[in-house]
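Asker: Supplied in structure tokens, the structure appears directly below.
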Amino acid sequence: MELKEVLRFADEKVFAKTGKHLEDLQEAILKETLQGRKYAAKVAKDRDCSEGYVRVAASELWKILSDVFDEEVSKVNVRAILERAKFYNSPSAIGRDHVTNNVNICQERARSPTEPQNPQQTPKQLHIDLGDAPEIFTFFDRTSQLSTLENWITQEHTRLIALLGISGIGKTTLSLSLIDRIKTQFDYVIYRSLRFSPTLDATLTNLLQIFSQQSEIPQNIETKISQILDYLRKNRCLIVLDDVQMLLGSGQLAGQYKTGYEDYQLFFKLIAEVCHQSCLILNSWEKPREIARLSKEYHPVRCFVLGSLGVAAKEILNSQKLSDEETWETLIDIYQGNPLWLEFTATLIQELFGGRVSEFLQCEMPILDEGLQSQLSQPFGRLTPADLAVMVHLANQPEPVAVSQIFNKIPFSPSEIVNAVRSIANRFLLEAIEEEKITLFSLNPVLRQYVKSRYLSQGM
Ligand SMILES: Nc1ncnc2c1ncn2[C@@H]1O[C@H](COP(=O)(O)OP(=O)(O)OP(=O)(O)O)[C@@H](O)[C@H]1O
Ligand SMILES: [Mg+2]
């Protein structure tokens with residue numbers, strides 16, 4: 001959106017509410033902030049006044065804008081709030097949804113989020129319910145991941161995001177940090193873990209209790225879904241459903257729902273396809289089946305696969321007071337920058353090697369701590385015989401291999417092998433690299449070691 005347009009829109013809104021236009025100084029502060037610059041020094045220099053004076057004027061401006069837009073505005077969120085308000089305010093804001101190849105008119109989008117539709121249902125303040133979310137004591141880096149997710153949610157109005165990645169990589173931690181970062185832009189912020197596999201009916205009831213507070217919850221599941229969608233339309237809600245893999249079955253291809261949980265699929269599909277102004281984030285170490293299909297171009301659905309924490313993982317080693325810093329990157333590489341794997345390993349190094357990483361690295365790598373092994377037993381417990389045969393075959397290969405190179409090497413048909421490879425990849429247990437127009441697959445050192453010790457020693 002053009003800077004001039006956003007400035008004009010802000011001025012019009014301020015004038016409509018207060019009867020006064022933005023002053024030059026306020027406009028200059030807004031202009032710099034909207035361009036992502038630090039405004040104080042530049043504006044103070046241009047206007048020959050002190051930075052302190054500019055900051056006081058800025059704080060006054062955020063108050064005025066908060067009043068105008070009925071939510072807390074600051075230098076951090078002003079651009080997102082103005083752009084969103086302008087978008088909803090625009091009479092041409094008609095969403096073209098590629099749902100059934102029809103043009104789906106999003107009438108709710110044409111309405112300003114600040115314009116009450118039903119005063120009883122439009123909350124004036126942030127309702128935040130994080131349920132049993134773990135408290136986050138330390139959070140390192142993930143700056144670019146947070147920016148991408150924030151952009152998808154606040155700028156691109158993505159309705160459904162699957163935050164995926166192997167267990168321990170940091171999905172829960174990242175989503176809670178994201179909540180903390182963008183919560184002021186919502187009316188409702190909700191976090192729920194599905195670790196005890198609640199039915200869809202139980203999850204919907206739980207959500208409705210948060211939304212409707214005292215009012216009666218309907219019995220019928222369709223009515224519950226339609227009421228939830230109504231709340232998502234009328235309010236800006238950010239809902240994180242964590243541990244979605246607990247709805248998915250084992251002993252079958254990845255991403256399939258357990259018996260009795262299939263209706264979640266329809267619910268997630270509706271969240272993606274029906275017009276509303278909210279976002280649902282699904283955290284899972286297995287990609288749910290419908291997500292791949294829904295996350296096509298033009299659909300407001302995205303997948304985000306979380307990877308290594310990278311060098312920021314040094315902070316984890318530092319907090320565990322390990323020594324030999326020059327070897328830490330090697331350790332991080334071996335354990336794939338997985339924060340949980342590194343936490344287990346760092347505790348082991350502390351307990352058995354006095355915190356000396358170089359001494360630990362002299363062991364044949366990688367050493368798998370007992371906690372790490374038990375963590376891995378969960379996704380491996382879900383694999384089919386064909387998946388396991390592929391994993392064992394890959395664990396024995398010194399170099400990455402193409403799918404066709406697995407054919408005839410294990411007693412499964414090419415179709416079974418192709419499906420198994422895809423399924424293992426959807427559980428994030430496989431590395432894929434593109435090399436000269438061919439995709440090659442391998443296991444990372446930790447998984448290779450796990451497969452060798454657990455399955456090869458049993459003669460598989
Ligand atoms: N960015 C980070 N900074 C510091 N610690 C982190 C970070 N990300 C994850 N951790 C730590 O790593 C561990 C695993 O993180 P988390 O529980 O978020 O992973 P997860 O992907 O949700 O795992 P699961 O799929 O098993 O639920 C936690 O102890 C957490 O504190
Ligand atoms: Mg988690």
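In the structure tokens, the first chain shown is A, the next is B, and so on; residue numbers restart at 1 for each chain, and ligands run from 1 in the order shown.
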Between chain A and ligand 2, at 9 Å or less, what are the per-residue closest atom pairs and their distances in Å? Count only C-alpha atoms and all ligand atoms, order by chain and rising residue number, and return it as JSON lines.

Answerer:
{"residue": "A:Ser167", "atom": "CA", "partner": "ligand 2", "partner_atom_place_in_ligand_line": "1 (Mg)", "distance": 7.0}
{"residue": "A:Gly168", "atom": "CA", "partner": "ligand 2", "partner_atom_place_in_ligand_line": "1 (Mg)", "distance": 6.9}
{"residue": "A:Ile169", "atom": "CA", "partner": "ligand 2", "partner_atom_place_in_ligand_line": "1 (Mg)", "distance": 8.3}
{"residue": "A:Gly170", "atom": "CA", "partner": "ligand 2", "partner_atom_place_in_ligand_line": "1 (Mg)", "distance": 6.7}
{"residue": "A:Lys171", "atom": "CA", "partner": "ligand 2", "partner_atom_place_in_ligand_line": "1 (Mg)", "distance": 5.4}
{"residue": "A:Thr172", "atom": "CA", "partner": "ligand 2", "partner_atom_place_in_ligand_line": "1 (Mg)", "distance": 4.1}
{"residue": "A:Thr173", "atom": "CA", "partner": "ligand 2", "partner_atom_place_in_ligand_line": "1 (Mg)", "distance": 7.2}
{"residue": "A:Ser193", "atom": "CA", "partner": "ligand 2", "partner_atom_place_in_ligand_line": "1 (Mg)", "distance": 8.4}
{"residue": "A:Asp242", "atom": "CA", "partner": "ligand 2", "partner_atom_place_in_ligand_line": "1 (Mg)", "distance": 6.4}
{"residue": "A:Asp243", "atom": "CA", "partner": "ligand 2", "partner_atom_place_in_ligand_line": "1 (Mg)", "distance": 6.0}
{"residue": "A:Asn283", "atom": "CA", "partner": "ligand 2", "partner_atom_place_in_ligand_line": "1 (Mg)", "distance": 7.1}
{"residue": "A:Ser284", "atom": "CA", "partner": "ligand 2", "partner_atom_place_in_ligand_line": "1 (Mg)", "distance": 7.6}
{"residue": "A:Trp285", "atom": "CA", "partner": "ligand 2", "partner_atom_place_in_ligand_line": "1 (Mg)", "distance": 8.4}

Asker: Kindly provide the residues of chain A that approach ligand 1 to within 10 Å, each paired with its closest atom pair and their distance in Å to one decimal, based on only C-alpha atoms and all ligand atoms, listed by chain and increasing number, as CSV.

Answerer:
residue,atom,partner,partner_atom_place_in_ligand_line,distance
A:Pro134,CA,ligand 1,17 (O),8.4
A:Glu135,CA,ligand 1,31 (O),8.9
A:Ile136,CA,ligand 1,31 (O),6.5
A:Phe137,CA,ligand 1,31 (O),7.3
A:Thr138,CA,ligand 1,4 (C),5.1
A:Phe139,CA,ligand 1,3 (N),3.5
A:Phe140,CA,ligand 1,3 (N),3.7
A:Asp141,CA,ligand 1,1 (N),5.7
A:Arg142,CA,ligand 1,1 (N),5.8
A:Thr143,CA,ligand 1,1 (N),9.1
A:Leu163,CA,ligand 1,21 (O),9.0
A:Leu164,CA,ligand 1,21 (O),7.9
A:Gly165,CA,ligand 1,21 (O),6.4
A:Ile166,CA,ligand 1,25 (O),6.0
A:Ser167,CA,ligand 1,25 (O),3.4
A:Gly168,CA,ligand 1,23 (O),3.5
A:Ile169,CA,ligand 1,21 (O),4.1
A:Gly170,CA,ligand 1,18 (O),3.2
A:Lys171,CA,ligand 1,21 (O),3.7
A:Thr172,CA,ligand 1,18 (O),3.7
A:Thr173,CA,ligand 1,18 (O),3.7
A:Leu174,CA,ligand 1,18 (O),6.3
A:Ser175,CA,ligand 1,18 (O),8.0
A:Leu176,CA,ligand 1,18 (O),8.6
A:Ser177,CA,ligand 1,1 (N),8.7
A:Ser193,CA,ligand 1,27 (O),9.3
A:Arg195,CA,ligand 1,27 (O),8.9
A:Asp242,CA,ligand 1,27 (O),7.5
A:Asp243,CA,ligand 1,27 (O),6.0
A:Val244,CA,ligand 1,25 (O),9.3
A:Gln245,CA,ligand 1,25 (O),8.4
A:Asn283,CA,ligand 1,22 (O),7.4
A:Ser284,CA,ligand 1,25 (O),6.2
A:Trp285,CA,ligand 1,25 (O),5.3
A:Glu286,CA,ligand 1,25 (O),8.9
A:Leu306,CA,ligand 1,21 (O),8.1
A:Gly307,CA,ligand 1,21 (O),9.6
A:Ser308,CA,ligand 1,8 (N),9.4
A:Leu309,CA,ligand 1,1 (N),6.6
A:Gly310,CA,ligand 1,1 (N),9.9
A:Ala312,CA,ligand 1,3 (N),7.8
A:Ala313,CA,ligand 1,3 (N),7.3
A:Lys314,CA,ligand 1,4 (C),9.9
A:Glu315,CA,ligand 1,4 (C),7.7
A:Ile316,CA,ligand 1,4 (C),6.5
A:Ser319,CA,ligand 1,4 (C),9.8
A:Gly337,CA,ligand 1,8 (N),9.8
A:Asn338,CA,ligand 1,12 (O),7.3
A:Pro339,CA,ligand 1,12 (O),4.2
A:Leu340,CA,ligand 1,13 (C),4.2
A:Trp341,CA,ligand 1,12 (O),7.9
A:Leu342,CA,ligand 1,12 (O),8.1
A:Glu343,CA,ligand 1,12 (O),7.0
A:Phe344,CA,ligand 1,29 (O),9.3
A:Gln375,CA,ligand 1,26 (O),7.6
A:Leu376,CA,ligand 1,26 (O),9.5
A:Gln378,CA,ligand 1,26 (O),9.4
A:Pro379,CA,ligand 1,25 (O),10.0

Asker: Can you pull out every residue within 9 Å of Thr33 of chain A, counting only C-alpha atoms, but drop anything in the same chain fewer than 5 positions away, and send it as a PyMOL selection string?

Answerer: chain A and resi 28+38-39+75-76+78-79

Asker: Considering only C-alpha atoms, state which residue in the set A:Val392, A:Leu3, A:Ile433, A:Val418 is at the smallest distance from Val451 of chain A.

Answerer: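 Nearest to Val451 of chain A: A:Val392.
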
Asker: Using only C-alpha atoms, can you tell me which of A:Ala41, A:Leu430, A:Arg192, A:Pro385 comes closest to Ile410 of chain A?

Answerer: A:Pro385

Asker: Leaving out segment 301-303 of chain A and any residue of its chain fewer than 2 positions from it, which residues lie within 12 Å of it when counting only C-alpha atoms, given as a PyMOL selection string?

Answerer: chain A and resi 97-99+148-149+151-153+156-165+268-274+278-284+286-288+290-299+305-306+426

Asker: Considering only C-alpha atoms, give me a table of residues in segment 4-31 of chain A that are at most 8 Å from segment 55-62 of chain A, with the closest atom pair and distance in Å for each, as a tab-separated table.

Answerer:
residue	atom	partner	partner_atom	distance
A:Leu25	CA	A:Ala57	CA	7.7
A:Gln26	CA	A:Leu61	CA	6.4
A:Ile29	CA	A:Ala58	CA	6.6
